[in-house]
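Data block for data_3.cif (mmCIF, C-alpha atoms):
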data_entry
#
loop_
_atom_site.label_atom_id
_atom_site.label_comp_id
_atom_site.auth_asym_id
_atom_site.auth_seq_id
_atom_site.Cartn_x
_atom_site.Cartn_y
_atom_site.Cartn_z
CA MET A 177 47.06 -115.55 -145.59
CA ILE A 178 47.80 -119.25 -145.70
CA TYR A 179 46.85 -119.46 -142.01
CA TYR A 180 43.35 -118.24 -142.88
CA VAL A 181 43.05 -120.92 -145.56
CA ALA A 182 44.16 -123.62 -143.12
CA ALA A 183 41.77 -122.38 -140.42
CA PHE A 184 38.77 -122.26 -142.79
CA SER A 185 39.58 -125.72 -144.18
CA LEU A 186 39.59 -127.13 -140.66
CA ILE A 187 36.31 -125.38 -139.76
CA LEU A 188 34.54 -126.53 -142.93
CA ILE A 189 35.84 -130.13 -142.76
CA GLY A 190 34.80 -130.33 -139.11
CA ALA A 191 31.35 -128.90 -139.87
CA TYR A 192 30.94 -131.46 -142.69
CA ALA A 193 31.74 -134.27 -140.25
CA VAL A 194 29.22 -132.94 -137.72
CA LEU A 195 26.48 -132.64 -140.37
CA VAL A 196 26.97 -135.85 -142.35
CA LYS A 197 28.67 -138.52 -140.23
CA LYS A 198 26.57 -140.99 -138.28
CA ASN A 199 29.23 -142.35 -135.95
CA MET A 200 29.17 -140.42 -132.69
CA ILE A 201 32.96 -140.52 -132.14
CA LYS A 202 33.38 -139.05 -135.65
CA ILE A 203 31.02 -136.22 -134.70
CA VAL A 204 33.08 -135.42 -131.59
CA LEU A 205 36.26 -135.54 -133.74
CA GLY A 206 34.61 -133.02 -136.09
CA LEU A 207 33.88 -130.73 -133.15
CA SER A 208 37.52 -130.86 -132.04
CA LEU A 209 38.63 -130.02 -135.63
CA ILE A 210 36.38 -126.92 -135.57
CA ASP A 211 37.96 -126.04 -132.22
CA SER A 212 41.51 -126.19 -133.68
CA GLY A 213 40.45 -124.15 -136.71
CA VAL A 214 38.93 -121.34 -134.63
CA ASN A 215 42.03 -121.25 -132.40
CA ILE A 216 44.36 -120.90 -135.41
CA LEU A 217 42.13 -118.14 -136.83
CA LEU A 218 42.15 -116.13 -133.58
CA VAL A 219 45.92 -116.32 -133.11
CA ALA A 220 46.51 -115.47 -136.79
CA LEU A 221 44.35 -112.34 -136.41
CA GLY A 222 46.61 -111.11 -133.59
CA TYR A 223 49.86 -111.65 -135.49
CA ILE A 224 51.82 -108.63 -136.77
CA ASN A 225 54.63 -109.10 -139.29
CA GLY A 226 58.16 -108.91 -137.90
CA LYS A 227 57.18 -108.60 -134.23
CA THR A 228 58.15 -110.95 -131.41
CA ALA A 229 56.31 -112.96 -128.77
CA PRO A 230 54.95 -110.87 -125.84
CA ILE A 231 57.61 -111.89 -123.29
CA PHE A 232 60.07 -109.34 -121.89
CA SER A 233 62.87 -111.86 -121.50
CA ASN A 234 65.66 -109.31 -122.00
CA PRO A 235 65.80 -105.54 -121.48
CA SER A 236 66.36 -104.69 -125.17
CA LEU A 237 62.78 -105.74 -126.08
CA LYS A 238 60.26 -102.94 -126.39
CA ALA A 239 56.47 -103.08 -126.10
CA GLU A 240 56.16 -101.60 -129.61
CA GLY A 241 57.86 -104.66 -131.14
CA MET A 242 55.45 -107.29 -129.86
CA VAL A 243 52.36 -109.05 -131.23
CA ASP A 244 48.90 -108.60 -129.69
CA PRO A 245 48.75 -110.73 -126.48
CA VAL A 246 44.95 -110.70 -126.01
CA PRO A 247 44.05 -113.39 -128.63
CA GLN A 248 46.79 -115.61 -127.19
CA ALA A 249 45.33 -115.36 -123.67
CA LEU A 250 41.86 -116.11 -125.09
CA VAL A 251 43.05 -119.16 -127.02
CA LEU A 252 44.95 -120.47 -123.98
CA THR A 253 41.62 -120.52 -122.13
CA ALA A 254 39.76 -121.98 -125.11
CA ILE A 255 42.08 -124.99 -125.50
CA VAL A 256 41.69 -126.05 -121.87
CA ILE A 257 37.90 -125.62 -121.98
CA GLY A 258 37.89 -127.54 -125.30
CA VAL A 259 39.48 -130.65 -123.82
CA ALA A 260 37.06 -130.60 -120.88
CA VAL A 261 34.07 -130.35 -123.24
CA THR A 262 35.46 -133.15 -125.44
CA ALA A 263 35.92 -135.40 -122.42
CA LEU A 264 32.34 -134.75 -121.25
CA ALA A 265 30.96 -135.39 -124.76
CA LEU A 266 32.86 -138.68 -124.99
CA THR A 267 31.51 -139.71 -121.59
CA ILE A 268 27.99 -139.19 -122.92
CA VAL A 269 28.96 -141.27 -125.99
CA ILE A 270 30.11 -144.09 -123.67
CA ARG A 271 26.81 -143.98 -121.76
CA LEU A 272 24.78 -144.03 -124.98
CA HIS A 273 26.80 -147.00 -126.23
CA ASP A 274 26.17 -148.82 -122.94
CA HIS A 275 22.47 -148.21 -123.24
CA HIS A 276 21.81 -148.75 -126.97
CA LYS A 277 24.80 -151.03 -127.89
CA THR A 278 25.55 -148.95 -130.98
CA LEU A 279 27.53 -145.86 -131.96
CA ASP A 280 25.33 -145.15 -135.00
CA ILE A 281 23.33 -142.04 -134.24
CA SER A 282 20.58 -142.88 -136.77
CA LYS A 283 19.82 -146.14 -134.95
CA ILE A 284 19.16 -144.33 -131.69
CA ARG A 285 15.52 -143.44 -132.19
CA GLU A 286 15.32 -140.72 -129.57
CA LEU A 287 18.06 -138.72 -131.32
CA LYS A 288 16.87 -139.02 -134.93
CA TRP A 289 16.58 -135.87 -137.03
CA MET B 136 21.12 -136.42 -150.53
CA ARG B 137 22.07 -135.25 -147.08
CA LYS B 138 25.72 -135.09 -148.19
CA ALA B 139 24.85 -132.89 -151.16
CA ILE B 140 22.83 -130.48 -149.01
CA ALA B 141 25.69 -130.31 -146.48
CA VAL B 142 28.29 -129.63 -149.20
CA ILE B 143 26.19 -126.85 -150.79
CA PHE B 144 25.49 -125.30 -147.40
CA LEU B 145 29.16 -125.39 -146.37
CA GLY B 146 30.24 -124.11 -149.77
CA ILE B 147 28.10 -121.00 -149.31
CA ILE B 148 29.44 -120.45 -145.77
CA GLY B 149 33.04 -121.00 -146.92
CA TYR B 150 32.65 -118.61 -149.86
CA TYR B 151 31.41 -115.78 -147.66
CA LEU B 152 34.01 -116.44 -144.95
CA LEU B 153 36.85 -116.29 -147.49
CA ALA B 154 35.35 -113.24 -149.22
CA THR B 155 35.17 -111.44 -145.88
CA PHE B 156 38.61 -112.39 -144.71
CA PHE B 157 40.36 -111.47 -147.98
CA ASN B 158 39.51 -107.89 -147.02
CA ILE B 159 41.24 -108.28 -143.64
CA PRO B 160 44.99 -108.21 -144.39
CA PHE B 161 47.19 -110.68 -142.58
CA GLY B 162 50.04 -109.52 -140.34
CA ILE B 163 49.21 -105.81 -140.12
CA ALA B 164 48.47 -103.90 -136.93
CA ARG B 165 44.81 -102.96 -137.32
CA VAL B 166 44.12 -101.34 -133.98
CA LEU B 167 46.77 -98.86 -132.90
CA ASP B 168 45.53 -98.12 -129.38
CA GLY B 169 43.65 -101.31 -128.58
CA VAL B 170 43.50 -103.02 -125.23
CA GLY B 171 46.34 -105.37 -126.21
CA PHE B 172 48.82 -102.53 -126.58
CA LYS B 173 47.70 -101.09 -123.27
CA TYR B 174 48.40 -104.47 -121.63
CA LEU B 175 51.83 -104.59 -123.30
CA ALA B 176 52.70 -101.11 -122.04
CA MET B 177 51.31 -101.57 -118.53
CA GLY B 178 52.02 -105.28 -118.00
CA VAL B 179 55.52 -105.07 -116.55
CA PRO B 180 55.13 -101.91 -114.41
CA ASP B 181 51.72 -103.03 -113.09
CA THR B 182 52.23 -106.73 -112.39
CA GLY B 183 55.99 -107.35 -112.56
CA ALA B 184 55.58 -110.46 -114.74
CA ALA B 185 57.89 -110.69 -117.76
CA ASN B 186 55.37 -112.84 -119.68
CA VAL B 187 52.51 -110.55 -120.71
CA VAL B 188 50.19 -113.46 -121.58
CA THR B 189 50.55 -114.73 -118.00
CA SER B 190 49.84 -111.28 -116.55
CA ILE B 191 46.65 -111.09 -118.66
CA VAL B 192 45.48 -114.61 -117.78
CA VAL B 193 46.21 -114.43 -114.04
CA ASN B 194 46.01 -110.76 -113.15
CA PHE B 195 44.17 -108.48 -115.58
CA ARG B 196 41.56 -111.11 -116.42
CA GLY B 197 42.03 -113.35 -113.39
CA PHE B 198 38.31 -113.64 -112.74
CA ASP B 199 37.91 -115.33 -116.15
CA THR B 200 40.54 -117.86 -115.15
CA LEU B 201 38.60 -118.61 -111.97
CA GLY B 202 35.56 -119.29 -114.18
CA GLU B 203 37.64 -121.49 -116.46
CA VAL B 204 38.90 -123.56 -113.54
CA THR B 205 35.27 -123.91 -112.43
CA VAL B 206 34.26 -125.19 -115.88
CA LEU B 207 37.05 -127.76 -115.74
CA PHE B 208 35.90 -128.84 -112.29
CA LEU B 209 32.28 -129.14 -113.47
CA ALA B 210 33.33 -131.25 -116.47
CA ALA B 211 35.31 -133.61 -114.22
CA THR B 212 32.38 -133.84 -111.80
CA GLY B 213 29.94 -134.55 -114.63
CA MET B 214 32.17 -137.32 -115.97
CA GLY B 215 32.44 -138.87 -112.52
CA ALA B 216 28.66 -138.79 -112.16
CA LEU B 217 27.97 -140.24 -115.63
CA LEU B 218 30.55 -143.04 -115.37
CA HIS B 219 29.68 -144.03 -111.85
CA HIS B 220 29.25 -147.78 -111.36
CA ARG B 221 27.95 -149.46 -108.30
CA GLU B 222 30.33 -152.39 -108.62
CA PRO B 223 33.73 -151.19 -109.87
CA MET B 224 34.95 -153.13 -112.90
CA LYS B 225 38.21 -154.99 -112.41
CA ARG B 226 41.01 -153.98 -114.73
CA SER B 227 42.88 -156.93 -116.16
CA ARG B 228 46.20 -157.46 -114.44
CA GLN B 229 48.14 -157.76 -117.68
CA ASN B 230 51.19 -155.49 -117.47
CA ALA B 231 53.18 -153.83 -120.23
CA SER B 232 56.54 -155.22 -121.31
CA ILE B 233 59.60 -154.97 -119.04
CA ILE B 234 61.19 -152.25 -121.20
CA VAL B 235 58.15 -149.99 -120.94
CA LYS B 236 57.93 -150.60 -117.19
CA ALA B 237 61.62 -149.82 -116.53
CA GLY B 238 61.50 -146.76 -118.79
CA ALA B 239 58.34 -145.47 -117.15
CA ARG B 240 59.85 -145.79 -113.69
CA ILE B 241 62.85 -143.64 -114.74
CA LEU B 242 60.83 -141.09 -116.72
CA PHE B 243 57.97 -140.56 -114.24
CA PRO B 244 59.88 -138.35 -111.72
CA LEU B 245 61.50 -136.39 -114.55
CA ILE B 246 58.11 -135.65 -116.13
CA ILE B 247 56.71 -134.51 -112.76
CA ILE B 248 59.74 -132.21 -112.26
CA LEU B 249 59.28 -130.78 -115.78
CA GLY B 250 55.63 -130.06 -115.05
CA ALA B 251 56.50 -128.36 -111.75
CA TYR B 252 59.21 -126.31 -113.50
CA VAL B 253 56.75 -125.17 -116.17
CA PHE B 254 54.18 -123.91 -113.67
CA VAL B 255 56.65 -122.36 -111.20
CA HIS B 256 58.28 -120.34 -114.01
CA GLY B 257 54.96 -119.33 -115.59
CA HIS B 258 55.58 -115.61 -115.10
CA LEU B 259 59.03 -115.70 -116.76
CA THR B 260 58.90 -118.20 -119.63
CA PRO B 261 56.16 -119.64 -121.86
CA GLY B 262 53.99 -121.99 -119.87
CA GLY B 263 52.03 -121.84 -116.67
CA GLY B 264 49.57 -123.68 -114.51
CA PHE B 265 47.49 -125.22 -117.29
CA GLN B 266 50.44 -126.54 -119.29
CA GLY B 267 52.29 -127.77 -116.20
CA GLY B 268 49.17 -129.51 -114.90
CA ALA B 269 48.66 -131.24 -118.25
CA ILE B 270 52.30 -132.41 -118.26
CA ILE B 271 51.91 -133.83 -114.72
CA ALA B 272 48.72 -135.63 -115.76
CA SER B 273 50.52 -137.17 -118.76
CA GLY B 274 53.21 -138.42 -116.36
CA PHE B 275 50.55 -140.20 -114.31
CA LEU B 276 49.06 -141.51 -117.56
CA LEU B 277 52.42 -143.14 -118.37
CA MET B 278 52.24 -144.98 -115.05
CA PHE B 279 48.60 -146.04 -115.65
CA MET B 280 49.64 -147.41 -119.04
CA SER B 281 52.68 -149.38 -117.91
CA TYR B 282 51.44 -150.72 -114.57
CA ARG B 283 47.85 -151.85 -114.88
CA SER B 284 47.53 -152.21 -111.10
CA TYR B 285 48.82 -148.67 -110.47
CA HIS B 286 46.11 -146.47 -109.05
CA VAL B 287 45.89 -143.09 -107.38
CA ASN B 288 44.12 -142.38 -104.13
CA HIS B 289 40.92 -140.51 -104.97
CA VAL B 290 40.64 -138.98 -101.51
CA VAL B 291 44.12 -137.42 -101.81
CA ILE B 292 43.34 -136.17 -105.32
CA SER B 293 40.10 -134.48 -104.30
CA ARG B 294 41.75 -132.97 -101.20
CA VAL B 295 44.59 -131.49 -103.31
CA GLU B 296 42.05 -130.19 -105.79
CA SER B 297 39.83 -128.45 -103.25
CA LEU B 298 42.85 -127.06 -101.37
CA ALA B 299 44.27 -125.57 -104.59
CA GLY B 300 40.88 -124.17 -105.59
CA SER B 301 40.35 -122.51 -102.21
CA THR B 302 43.91 -121.09 -102.31
CA PHE B 303 42.99 -119.29 -105.55
CA VAL B 304 39.84 -117.79 -104.01
CA ILE B 305 41.58 -116.87 -100.72
CA ILE B 306 44.41 -115.05 -102.56
CA GLY B 307 41.70 -113.20 -104.48
CA LEU B 308 39.94 -112.23 -101.23
CA PHE B 309 43.24 -110.95 -99.79
CA GLY B 310 43.33 -108.60 -102.74
CA LEU B 311 39.81 -107.44 -101.86
CA VAL B 312 40.77 -106.80 -98.22
CA TYR B 313 44.25 -105.24 -98.60
CA GLY B 314 44.02 -103.86 -102.14
CA HIS B 315 41.37 -102.25 -104.28
CA SER B 316 39.72 -105.22 -106.00
CA PHE B 317 39.33 -109.01 -106.12
CA LEU B 318 42.69 -110.60 -107.12
CA ALA B 319 44.57 -107.31 -106.71
CA ASN B 320 48.35 -107.74 -106.63
CA VAL B 321 49.02 -107.02 -102.93
CA LEU B 322 52.50 -108.57 -102.56
CA PRO B 323 55.68 -106.64 -103.48
CA LEU B 324 56.51 -106.92 -107.17
CA GLY B 325 60.28 -107.48 -106.84
CA THR B 326 62.76 -107.31 -109.72
CA VAL B 327 61.46 -108.25 -113.16
CA ASN B 328 62.88 -111.50 -114.60
CA THR B 329 63.75 -113.12 -111.27
CA LEU B 330 61.96 -116.15 -109.80
CA PHE B 331 60.62 -114.24 -106.77
CA SER B 332 58.83 -111.45 -108.57
CA ALA B 333 55.37 -110.50 -109.82
CA GLY B 334 53.62 -110.63 -106.42
CA VAL B 335 50.71 -113.07 -106.32
CA ILE B 336 51.02 -114.35 -109.92
CA PRO B 337 53.39 -117.29 -109.19
CA LEU B 338 51.29 -118.30 -106.15
CA ILE B 339 48.08 -118.37 -108.20
CA TYR B 340 49.75 -120.26 -111.05
CA ILE B 341 51.14 -122.87 -108.61
CA ALA B 342 47.61 -123.34 -107.22
CA VAL B 343 46.21 -123.63 -110.76
CA GLY B 344 48.95 -126.13 -111.64
CA PHE B 345 48.09 -128.39 -108.70
CA LYS B 346 44.37 -128.08 -109.44
CA VAL B 347 44.62 -128.84 -113.18
CA GLY B 348 47.11 -131.65 -112.60
CA SER B 349 44.99 -133.42 -109.97
CA GLU B 350 41.78 -132.83 -111.93
CA LEU B 351 43.09 -134.25 -115.21
CA THR B 352 44.69 -137.20 -113.38
CA GLY B 353 41.39 -137.97 -111.68
CA LEU B 354 39.57 -137.62 -115.01
CA LEU B 355 41.91 -140.11 -116.74
CA ASP B 356 41.64 -142.51 -113.82
CA THR B 357 37.83 -142.33 -113.93
CA MET B 358 37.81 -143.13 -117.65
CA LEU B 359 40.43 -145.89 -117.44
CA LYS B 360 38.53 -147.60 -114.60
CA THR B 361 35.64 -148.34 -116.93
CA VAL B 362 37.85 -150.14 -119.49
CA LYS B 363 37.79 -153.89 -119.05
CA MET C 78 60.22 -120.71 -145.42
CA ASP C 79 57.08 -120.27 -147.51
CA ILE C 80 57.60 -123.67 -149.11
CA LEU C 81 57.77 -125.24 -145.64
CA LEU C 82 54.55 -123.48 -144.62
CA ILE C 83 52.75 -124.70 -147.74
CA ILE C 84 53.93 -128.29 -147.13
CA LEU C 85 52.71 -128.06 -143.51
CA THR C 86 49.31 -126.76 -144.63
CA VAL C 87 48.94 -129.54 -147.19
CA ILE C 88 49.75 -132.14 -144.51
CA LEU C 89 47.24 -130.44 -142.18
CA ILE C 90 44.41 -130.57 -144.72
CA VAL C 91 45.21 -134.17 -145.74
CA ALA C 92 45.23 -135.21 -142.07
CA ALA C 93 41.92 -133.42 -141.47
CA VAL C 94 40.33 -135.18 -144.45
CA MET C 95 41.72 -138.54 -143.28
CA THR C 96 40.23 -137.87 -139.84
CA ILE C 97 36.73 -137.95 -141.27
CA ARG C 98 37.31 -140.49 -144.08
CA LYS C 99 38.99 -143.39 -142.25
CA LYS C 100 36.69 -146.23 -141.22
CA ASP C 101 39.14 -147.34 -138.53
CA LEU C 102 38.55 -144.95 -135.64
CA VAL C 103 42.06 -145.44 -134.21
CA ALA C 104 43.54 -144.19 -137.50
CA ALA C 105 41.11 -141.27 -137.47
CA VAL C 106 42.15 -140.25 -133.95
CA ILE C 107 45.86 -140.46 -134.84
CA SER C 108 45.18 -138.22 -137.87
CA SER C 109 43.44 -135.70 -135.63
CA SER C 110 46.47 -135.68 -133.34
CA VAL C 111 48.61 -134.87 -136.42
CA VAL C 112 46.26 -131.90 -137.00
CA SER C 113 46.86 -130.74 -133.42
CA LEU C 114 50.63 -131.15 -133.78
CA ILE C 115 50.71 -128.98 -136.91
CA ALA C 116 48.43 -126.43 -135.20
CA SER C 117 51.02 -126.30 -132.42
CA ILE C 118 53.81 -125.58 -134.98
CA TYR C 119 51.58 -122.85 -136.43
CA PHE C 120 51.19 -121.23 -133.02
CA TYR C 121 54.97 -121.26 -132.61
CA LEU C 122 55.43 -119.61 -136.02
CA LEU C 123 52.76 -117.02 -135.12
CA GLN C 124 54.86 -115.94 -132.09
CA ALA C 125 52.55 -117.54 -129.51
CA PRO C 126 54.81 -119.91 -127.51
CA ASP C 127 52.36 -120.12 -124.60
CA VAL C 128 49.59 -121.38 -126.85
CA ALA C 129 51.97 -123.74 -128.67
CA LEU C 130 52.96 -125.36 -125.37
CA THR C 131 49.31 -125.72 -124.33
CA GLU C 132 48.30 -127.26 -127.65
CA ALA C 133 51.25 -129.68 -127.56
CA ALA C 134 50.51 -130.83 -124.00
CA ILE C 135 46.70 -130.91 -124.15
CA GLY C 136 45.65 -131.20 -127.82
CA VAL C 137 48.27 -133.75 -128.87
CA GLY C 138 48.62 -135.68 -125.62
CA LEU C 139 45.58 -135.75 -123.40
CA SER C 140 42.76 -135.39 -125.90
CA THR C 141 44.14 -138.23 -128.08
CA ILE C 142 44.29 -140.46 -125.02
CA ILE C 143 40.71 -139.62 -124.05
CA PHE C 144 39.52 -140.59 -127.55
CA MET C 145 41.58 -143.81 -127.39
CA ILE C 146 40.03 -144.81 -124.05
CA THR C 147 36.56 -144.19 -125.49
CA ILE C 148 37.30 -146.35 -128.55
CA ARG C 149 38.70 -149.13 -126.33
CA ARG C 150 35.54 -148.92 -124.25
CA THR C 151 33.08 -148.96 -127.18
CA ARG C 152 34.06 -150.29 -130.62
CA ARG C 153 36.86 -149.72 -133.07
CA MET C 154 35.27 -149.83 -136.51
CA GLU C 155 32.78 -147.39 -137.92
CA GLU C 156 30.13 -149.58 -139.49
#

Re-express the file's structure as structure tokens.
Amino acid sequence: MIYYVAAFSLILIGAYAVLVKKNMIKIVLGLSLIDSGVNILLVALGYINGKTAPIFSNPSLKAEGMVDPVPQALVLTAIVIGVAVTALALTIVIRLHDHHKTLDISKIRELKW
Amino acid sequence: MRKAIAVIFLGIIGYYLLATFFNIPFGIARVLDGVGFKYLAMGVPDTGAANVVTSIVVNFRGFDTLGEVTVLFLAATGMGALLHHREPMKRSRQNASIIVKAGARILFPLIIILGAYVFVHGHLTPGGGFQGGAIIASGFLLMFMSYRSYHVNHVVISRVESLAGSTFVIIGLFGLVYGHSFLANVLPLGTVNTLFSAGVIPLIYIAVGFKVGSELTGLLDTMLKTVK
Amino acid sequence: MDILLIILTVILIVAAVMTIRKKDLVAAVISSSVVSLIASIYFYLLQAPDVALTEAAIGVGLSTIIFMITIRRTRRMEE
């Protein structure tokens, strides 16, 4: 249960940063917080009390005593994609800073909302 | 004003999320014959890999992994295109302190060996191509940090990357020719829990390890080049 | 065990709040790497060692460095 609370806190704090903050690096940080929160939520949904990791490292382990491996494989993919997306977003931030000499998103007229 | 709207909006979302998830109990098997349990039961007899997560990532859903590697490649290409400068900026020649330099020289080969170990043993222990590649890239990062003049050869990096990427696709095509589908496990499976087992899985993970390692190293080098 | 988990969660939430509150972007990025570190411990406790290793290598290491390079390249303070 406490994993759900942690995951939702991360998602909501990250969404707050994306909605309210004006600094572009803060917005990207908020996106990466949402990323961590969703990953924790997915892995927590696959967990089953008292079961072990899905690795047959010795013959006494049985398939019935293992947690669901599918969310883990999904999250493995999601983390690697997440860092690639973060790096691309930060590159765009660097280019915008080169062009407009500011990180404040409200001072960049073309991006105002 | 904007803050207040955001807080109200997020409060509503958070309330409904929590209300929904309090009905989903934590730590209880909800699906008794889901796809995950099928993978657990069939993983070892079908693929020969002791680590079921690896057999899902590389074999059962290997096509997804090919797409993931493509996304990583596209991100690196996009960064290279966006950060391209006609005249390359000179990095200042100021080095780190002697302790950092000596330590980095000793640690660098050990970190590379750890990364190689992690991706070679991906089908037996936790870890695999993505983790091993990231560890190798952090080893190169240590060298970039301690020796400011240290640089990698971009031609070598892109050659390694394309070679590893084509190895992945060619192994997949072998499966199409000699087996029943793309990425089918055509090599003998061997004994479970030994290094030479699981057919094509270790080969694919070694290719992924080289690809991720060279890609992330090139990405860090591209970004560090723009810092004055 | 439960006490440890609650302490970890409190540190996680405090670090997440510090990530968006700090005016110094370097401090904010270090706080976000603390969030990733605790997420990695969570994955270990949830019997997902593969994911824990990935998060430790990529979330804590590489993504922090990428943010640091960006801050070095642009500016450090949030005005």

Next on the checklist: Need to verify the contact set: region 130-139 of chain C, 8 Å, all atoms listed in the file, exclusion of same-chain residues closer than 6 positions in sequence. Can you return it as a PyMOL selection string?
Outcome noted: (chain A and resi 252+255-256+259) or (chain B and resi 261-262+265-266+269-270+273) or (chain C and resi 110-111+113-114+116-117)

Convert the current residue selection to file output with C-alpha atoms, as a compact mmCIF listing (two decimals), keeping the file's coordinate frame.
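What landed in out-v4.txt:
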# COMPACT_ATOMS: atom_id res chain seq x y z
CA LEU A 252 44.95 -120.47 -123.98
CA ILE A 255 42.08 -124.99 -125.50
CA VAL A 256 41.69 -126.05 -121.87
CA VAL A 259 39.48 -130.65 -123.82
CA PRO B 261 56.16 -119.64 -121.86
CA GLY B 262 53.99 -121.99 -119.87
CA PHE B 265 47.49 -125.22 -117.29
CA GLN B 266 50.44 -126.54 -119.29
CA ALA B 269 48.66 -131.24 -118.25
CA ILE B 270 52.30 -132.41 -118.26
CA SER B 273 50.52 -137.17 -118.76
CA SER C 110 46.47 -135.68 -133.34
CA VAL C 111 48.61 -134.87 -136.42
CA SER C 113 46.86 -130.74 -133.42
CA LEU C 114 50.63 -131.15 -133.78
CA ALA C 116 48.43 -126.43 -135.20
CA SER C 117 51.02 -126.30 -132.42

Next on the checklist: Can you translate the PyMOL selection byres ((chain B and resi 153-157) around 12) into the concrete residues it hits in this file, as a PyMOL selection string?
Outcome noted: (chain A and resi 177-185+187-188+217+220-221) or (chain B and resi 145-152+158-161)

Next on the checklist: One number please: CA of Asp127 (chain C) to CA of Gly238 (chain B), in Å, one decimal.
Outcome noted: 28.8 Å

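Atom to atom, CA of Val321 (chain B) and CA of Ser349 (chain B) stand 27.6 Å apart.
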
Next on the checklist: Counting all atoms listed in the file, I want the residues whose atoms come within 12 Å of (35.8, -142.2, -128.8) in the file frame, returned as a VMD selection string.
Outcome noted: (chain A and resid 199 to 206 208 262 to 273 279) or (chain B and resid 358) or (chain C and resid 101 to 107 140 to 155)

Checklist entry - Which residue, A:Ser212, A:Thr228, A:Thr253, A:Ser236, has the smallest gap to chain B when you use all atoms listed in the file? => result A:Thr253

Would you mind putting N, CA and C atoms back on region 222-234 of chain A and writing the result as a compact mmCIF listing (two decimals), in the frame of the given file?
# COMPACT_ATOMS: atom_id res chain seq x y z
N GLY A 222 45.83 -111.96 -134.47
CA GLY A 222 46.61 -111.11 -133.59
C GLY A 222 48.05 -110.95 -134.03
N TYR A 223 48.46 -111.67 -135.08
CA TYR A 223 49.86 -111.65 -135.49
C TYR A 223 50.17 -110.38 -136.27
N ILE A 224 51.36 -109.81 -136.02
CA ILE A 224 51.82 -108.63 -136.77
C ILE A 224 53.19 -108.96 -137.32
N ASN A 225 53.39 -108.72 -138.62
CA ASN A 225 54.63 -109.10 -139.29
C ASN A 225 55.86 -108.53 -138.59
N GLY A 226 56.87 -109.37 -138.39
CA GLY A 226 58.16 -108.91 -137.90
C GLY A 226 58.21 -108.60 -136.42
N LYS A 227 57.13 -108.89 -135.67
CA LYS A 227 57.18 -108.60 -134.23
C LYS A 227 57.36 -109.89 -133.45
N THR A 228 57.78 -109.77 -132.18
CA THR A 228 58.15 -110.95 -131.41
C THR A 228 57.06 -111.33 -130.42
N ALA A 229 57.26 -112.47 -129.76
CA ALA A 229 56.31 -112.96 -128.77
C ALA A 229 56.25 -112.00 -127.58
N PRO A 230 55.09 -111.87 -126.91
CA PRO A 230 54.95 -110.87 -125.84
C PRO A 230 55.58 -111.29 -124.52
N ILE A 231 56.90 -111.53 -124.52
CA ILE A 231 57.61 -111.89 -123.29
C ILE A 231 58.83 -110.99 -123.18
N PHE A 232 58.94 -110.25 -122.07
CA PHE A 232 60.07 -109.34 -121.89
C PHE A 232 61.23 -110.11 -121.29
N SER A 233 61.84 -111.00 -122.08
CA SER A 233 62.87 -111.86 -121.50
C SER A 233 64.21 -111.16 -121.45
N ASN A 234 64.46 -110.10 -122.23
CA ASN A 234 65.66 -109.31 -122.00
C ASN A 234 65.37 -107.84 -122.19
